[in-house]
Amino acid sequence: MAQNDVEAFRFPEDVVPIPGLTVEVDQLWDQGRFGTAVDVLLRFLRTYGRSAAAFRLALPLLRATRTADANLVEPVTDAQRANPYFAPIATECARCQAFWYSGHVLVREHRMAVTNPIGSQCDSCRYSLCRDCFTPADSRCPEEGCAGALGVPVLPTGRPRGLPANRHTEKIEHVAIRWEGEPTGIGEITRLLDLACTWQDFAGIRVTSRESDLDTEPGDLVLAACELDGTVSPGALNRTRGLRVDSPGLGRRELLITAAPRTGPASRLTGPITYTVARKTQAPQGRGWFRRAT
Ligand SMILES: [Zn+2]
Ligand SMILES: [Zn+2]
């Protein structure tokens, strides 16, 4: 019998809060600035890795719906909700692509009265179905060899189908983004990095985003040029994985994610990320430089 929660984060019995983070998020919560609060938590997770305290603060924000609170100044966006950094505390439907954030993991009581639950889960193997895929008349677990029944509570499963592309790369040295269509803005670049480099150490890395013809211009050539001008350290091609994505409404993108070498200066990068965005037709002095706030 397969266990359906291998990607899930397991909350400890007692979550030790991080006082500074709690104060900051609570203040934003009180101001109805949920979107900013989620950004604060994302920044924390990117820097320090998985954290029960940060996940504990994130759940109520990710569960909040737009209509629930009239005082909501900044709602949580769909992109924030789908961010791979929150995948370990999400529950994914085993039948369709739907995922959601259940608050049941925060509830200590054994007996729960949940009316109209958003999904159901097997009490034995955590096989989960969303509300649309679950047939209340038949609550037997569909998992082969499992004698459990679907119901509540619903606990995190992680999102096996929403995993980041390059999860086995260790420290990142460089990310080249090649784009067609609209240029990448800082918000999109951050989302692409989250998708490709979740839980990786990308302190001090360079992100080069350039206009490129994805069909005729091979990625290896772009990487070779980066190696020649010193943007990335030698032997980069062997340490690089590619990922093609479509940014809805913006165009096609290809990410070339280069892991840091085991030794040498590039293996010990620290500090903020440096971004370069360049159009194909622009001379080098036309480049726009900007830095991500840390
Ligand atoms: Zn479903
Ligand atoms: Zn089951």
# chains A, B, ... in the order shown; residues from 1 in each chain; ligands from 1
$ closest_atom_pairs --of "chain A" --to "ligand 2" --cutoff "7 Å" --atoms "only C-alpha atoms and all ligand atoms" --output "tab-separated table"
residue	atom	partner	partner_atom_place_in_ligand_line	distance
A:Cys122	CA	ligand 2	1 (Zn)	4.6
A:Asp123	CA	ligand 2	1 (Zn)	6.6
A:Ser124	CA	ligand 2	1 (Zn)	5.0
A:Cys125	CA	ligand 2	1 (Zn)	4.1
A:Arg126	CA	ligand 2	1 (Zn)	5.9
A:Tyr127	CA	ligand 2	1 (Zn)	5.3
A:Cys141	CA	ligand 2	1 (Zn)	4.6
A:Pro142	CA	ligand 2	1 (Zn)	6.7
A:Glu143	CA	ligand 2	1 (Zn)	5.3
A:Cys146	CA	ligand 2	1 (Zn)	4.6
A:Ala147	CA	ligand 2	1 (Zn)	6.3
A:Gly148	CA	ligand 2	1 (Zn)	4.7
A:Ala149	CA	ligand 2	1 (Zn)	6.5
$ select_by_dssp --residues "range 213-277 of chain A" --states "strand (DSSP E)" --output "PyMOL selection string"
chain A and resi 240-247+251-259+274-277
$ write_last_selection --atoms "C-alpha atoms" --output "mmCIF file, in the first residue's frame"
data_model
loop_
_atom_site.group_PDB
_atom_site.id
_atom_site.type_symbol
_atom_site.label_atom_id
_atom_site.label_comp_id
_atom_site.auth_asym_id
_atom_site.auth_seq_id
_atom_site.Cartn_x
_atom_site.Cartn_y
_atom_site.Cartn_z
ATOM 1 C CA THR A 240 23.265 22.944 -15.851
ATOM 2 C CA ARG A 241 19.713 21.765 -16.222
ATOM 3 C CA GLY A 242 17.184 23.379 -18.513
ATOM 4 C CA LEU A 243 13.532 24.045 -17.928
ATOM 5 C CA ARG A 244 11.023 25.433 -20.415
ATOM 6 C CA VAL A 245 7.948 27.195 -19.116
ATOM 7 C CA ASP A 246 5.155 29.277 -20.540
ATOM 8 C CA SER A 247 4.410 32.423 -18.609
ATOM 9 C CA GLY A 251 5.542 34.324 -23.651
ATOM 10 C CA ARG A 252 7.907 31.382 -23.616
ATOM 11 C CA ARG A 253 10.817 31.180 -21.221
ATOM 12 C CA GLU A 254 13.734 28.807 -20.812
ATOM 13 C CA LEU A 255 15.697 28.607 -17.595
ATOM 14 C CA LEU A 256 19.256 27.316 -17.538
ATOM 15 C CA ILE A 257 19.971 26.536 -13.901
ATOM 16 C CA THR A 258 23.637 26.049 -13.113
ATOM 17 C CA ALA A 259 24.678 24.364 -9.873
ATOM 18 C CA THR A 274 22.294 40.233 -8.798
ATOM 19 C CA TYR A 275 19.906 40.578 -11.727
ATOM 20 C CA THR A 276 20.616 41.581 -15.312
ATOM 21 C CA VAL A 277 17.847 41.974 -17.847
#
$ select_by_dssp --residues "range 159-260 of chain A" --states "alpha helix (DSSP H)" --output "ChimeraX atom specification"
/A:186-196,219-228
$ write_last_selection --atoms "N, CA and C atoms" --output "PDB file, in the first residue's frame"
ATOM      1  N   ILE A 186      10.760  41.768 -12.443  1.00  0.00           N
ATOM      2  CA  ILE A 186      11.325  41.206 -11.218  1.00  0.00           C
ATOM      3  C   ILE A 186      10.363  40.217 -10.546  1.00  0.00           C
ATOM      4  N   GLY A 187       9.064  40.509 -10.609  1.00  0.00           N
ATOM      5  CA  GLY A 187       8.086  39.607  -9.997  1.00  0.00           C
ATOM      6  C   GLY A 187       8.080  38.255 -10.686  1.00  0.00           C
ATOM      7  N   GLU A 188       8.124  38.269 -12.018  1.00  0.00           N
ATOM      8  CA  GLU A 188       8.116  37.014 -12.758  1.00  0.00           C
ATOM      9  C   GLU A 188       9.413  36.242 -12.532  1.00  0.00           C
ATOM     10  N   ILE A 189      10.543  36.966 -12.514  1.00  0.00           N
ATOM     11  CA  ILE A 189      11.831  36.297 -12.292  1.00  0.00           C
ATOM     12  C   ILE A 189      11.814  35.593 -10.936  1.00  0.00           C
ATOM     13  N   THR A 190      11.298  36.265  -9.922  1.00  0.00           N
ATOM     14  CA  THR A 190      11.232  35.661  -8.587  1.00  0.00           C
ATOM     15  C   THR A 190      10.384  34.397  -8.616  1.00  0.00           C
ATOM     16  N   ARG A 191       9.253  34.450  -9.336  1.00  0.00           N
ATOM     17  CA  ARG A 191       8.387  33.262  -9.434  1.00  0.00           C
ATOM     18  C   ARG A 191       9.108  32.116 -10.147  1.00  0.00           C
ATOM     19  N   LEU A 192       9.829  32.448 -11.230  1.00  0.00           N
ATOM     20  CA  LEU A 192      10.547  31.418 -11.978  1.00  0.00           C
ATOM     21  C   LEU A 192      11.645  30.791 -11.121  1.00  0.00           C
ATOM     22  N   LEU A 193      12.328  31.615 -10.335  1.00  0.00           N
ATOM     23  CA  LEU A 193      13.370  31.089  -9.445  1.00  0.00           C
ATOM     24  C   LEU A 193      12.764  30.155  -8.404  1.00  0.00           C
ATOM     25  N   ASP A 194      11.622  30.555  -7.862  1.00  0.00           N
ATOM     26  CA  ASP A 194      10.953  29.698  -6.878  1.00  0.00           C
ATOM     27  C   ASP A 194      10.584  28.353  -7.492  1.00  0.00           C
ATOM     28  N   LEU A 195      10.148  28.398  -8.740  1.00  0.00           N
ATOM     29  CA  LEU A 195       9.734  27.177  -9.421  1.00  0.00           C
ATOM     30  C   LEU A 195      10.922  26.249  -9.651  1.00  0.00           C
ATOM     31  N   ALA A 196      12.043  26.853 -10.066  1.00  0.00           N
ATOM     32  CA  ALA A 196      13.183  26.032 -10.483  1.00  0.00           C
ATOM     33  C   ALA A 196      14.138  25.705  -9.341  1.00  0.00           C
ATOM     34  N   GLY A 219      20.697  26.734 -26.211  1.00  0.00           N
ATOM     35  CA  GLY A 219      21.022  27.176 -24.854  1.00  0.00           C
ATOM     36  C   GLY A 219      22.495  27.018 -24.534  1.00  0.00           C
ATOM     37  N   ASP A 220      23.141  25.978 -25.118  1.00  0.00           N
ATOM     38  CA  ASP A 220      24.567  25.764 -24.822  1.00  0.00           C
ATOM     39  C   ASP A 220      25.415  26.952 -25.259  1.00  0.00           C
ATOM     40  N   LEU A 221      25.001  27.569 -26.396  1.00  0.00           N
ATOM     41  CA  LEU A 221      25.763  28.717 -26.899  1.00  0.00           C
ATOM     42  C   LEU A 221      25.683  29.886 -25.933  1.00  0.00           C
ATOM     43  N   VAL A 222      24.471  30.092 -25.418  1.00  0.00           N
ATOM     44  CA  VAL A 222      24.256  31.178 -24.462  1.00  0.00           C
ATOM     45  C   VAL A 222      25.124  30.949 -23.234  1.00  0.00           C
ATOM     46  N   LEU A 223      25.152  29.694 -22.797  1.00  0.00           N
ATOM     47  CA  LEU A 223      25.927  29.344 -21.614  1.00  0.00           C
ATOM     48  C   LEU A 223      27.425  29.504 -21.869  1.00  0.00           C
ATOM     49  N   ALA A 224      27.842  29.115 -23.086  1.00  0.00           N
ATOM     50  CA  ALA A 224      29.256  29.251 -23.447  1.00  0.00           C
ATOM     51  C   ALA A 224      29.652  30.726 -23.427  1.00  0.00           C
ATOM     52  N   ALA A 225      28.744  31.600 -23.896  1.00  0.00           N
ATOM     53  CA  ALA A 225      29.022  33.034 -23.887  1.00  0.00           C
ATOM     54  C   ALA A 225      29.145  33.543 -22.449  1.00  0.00           C
ATOM     55  N   CYS A 226      28.281  33.036 -21.579  1.00  0.00           N
ATOM     56  CA  CYS A 226      28.332  33.432 -20.167  1.00  0.00           C
ATOM     57  C   CYS A 226      29.670  32.995 -19.546  1.00  0.00           C
ATOM     58  N   GLU A 227      30.126  31.814 -19.957  1.00  0.00           N
ATOM     59  CA  GLU A 227      31.378  31.294 -19.424  1.00  0.00           C
ATOM     60  C   GLU A 227      32.547  32.149 -19.914  1.00  0.00           C
ATOM     61  N   LEU A 228      32.469  32.538 -21.192  1.00  0.00           N
ATOM     62  CA  LEU A 228      33.534  33.366 -21.778  1.00  0.00           C
ATOM     63  C   LEU A 228      33.635  34.722 -21.091  1.00  0.00           C
TER      64      LEU A 228
END
$ residues_near_ligand --ligand "ligand 1" --cutoff "6 Å" --atoms "only C-alpha atoms and all ligand atoms" --output "ChimeraX atom specification"
/A:93,95-96,98,129-130,132-133
$ write_last_selection --atoms "C-alpha atoms" --output "compact mmCIF listing (two decimals), in the first residue's frame"
# COMPACT_ATOMS: atom_id res chain seq x y z
CA CYS A 93 -6.12 15.63 -5.07
CA ARG A 95 -7.28 12.34 -9.25
CA CYS A 96 -7.03 15.88 -10.65
CA ALA A 98 -6.39 20.54 -7.62
CA LEU A 129 -9.74 13.62 -3.16
CA CYS A 130 -10.99 17.16 -3.71
CA ASP A 132 -15.30 17.59 -7.04
CA CYS A 133 -13.69 14.16 -7.31
$ residues_around --residues "Thr22 in chain A" --least-positions-apart "6" --cutoff "12 Å" --atoms "only C-alpha atoms" --output "JSON, numbers by chain"
{"A": [16, 28, 29, 37, 40, 41, 44, 53, 54, 55, 56, 57, 58]}
$ closest_residue --among "A:Arg159, A:Arg239, A:Arg131, A:Arg63" --to "Val175 in chain A" --atoms "only C-alpha atoms"
A:Arg239
$ closest_residue --among "A:Leu59, A:Ala137, A:Val207, A:Leu163" --to "Pro272 in chain A" --atoms "only C-alpha atoms"
A:Val207
$ residues_around --residues "Trp100 in chain A" --least-positions-apart "6" --cutoff "7 Å" --atoms "only C-alpha atoms" --output "number ranges by chain"
A: 90-92
$ write_last_selection --atoms "N, CA and C atoms" --output "PDB file, in the first residue's frame"
ATOM      1  N   ALA A  90       0.589  21.677   1.493  1.00  0.00           N
ATOM      2  CA  ALA A  90      -0.635  21.597   0.687  1.00  0.00           C
ATOM      3  C   ALA A  90      -1.133  20.157   0.639  1.00  0.00           C
ATOM      4  N   THR A  91      -2.401  20.021   0.301  1.00  0.00           N
ATOM      5  CA  THR A  91      -2.975  18.699   0.054  1.00  0.00           C
ATOM      6  C   THR A  91      -3.362  18.661  -1.415  1.00  0.00           C
ATOM      7  N   GLU A  92      -2.936  17.594  -2.110  1.00  0.00           N
ATOM      8  CA  GLU A  92      -3.203  17.513  -3.543  1.00  0.00           C
ATOM      9  C   GLU A  92      -4.190  16.381  -3.810  1.00  0.00           C
TER      10      GLU A  92
END
$ residues_around --residues "Lys280 in chain A" --least-positions-apart "2" --cutoff "8 Å" --atoms "only C-alpha atoms" --output "list in words"
Arg210, Glu211, Ser212, Ala278 and Gln282 of chain A
$ write_last_selection --atoms "N, CA and C atoms" --output "compact mmCIF listing (two decimals), in the first residue's frame"
# COMPACT_ATOMS: atom_id res chain seq x y z
N ARG A 210 17.75 37.31 -20.64
CA ARG A 210 17.99 37.95 -21.93
C ARG A 210 17.00 37.47 -22.99
N GLU A 211 16.72 38.39 -23.90
CA GLU A 211 15.85 38.05 -25.02
C GLU A 211 16.58 37.05 -25.91
N SER A 212 15.86 36.06 -26.40
CA SER A 212 16.54 34.99 -27.11
C SER A 212 15.55 34.32 -28.05
N ALA A 278 18.41 41.95 -20.22
CA ALA A 278 18.90 42.56 -21.45
C ALA A 278 18.03 42.18 -22.63
N GLN A 282 19.77 45.50 -27.47
CA GLN A 282 20.40 46.53 -26.64
C GLN A 282 21.91 46.34 -26.57
$ closest_residue --among "A:Val105, A:Leu61, A:Asp26, A:Pro156" --to "Glu13 in chain A" --atoms "only C-alpha atoms"
A:Val105
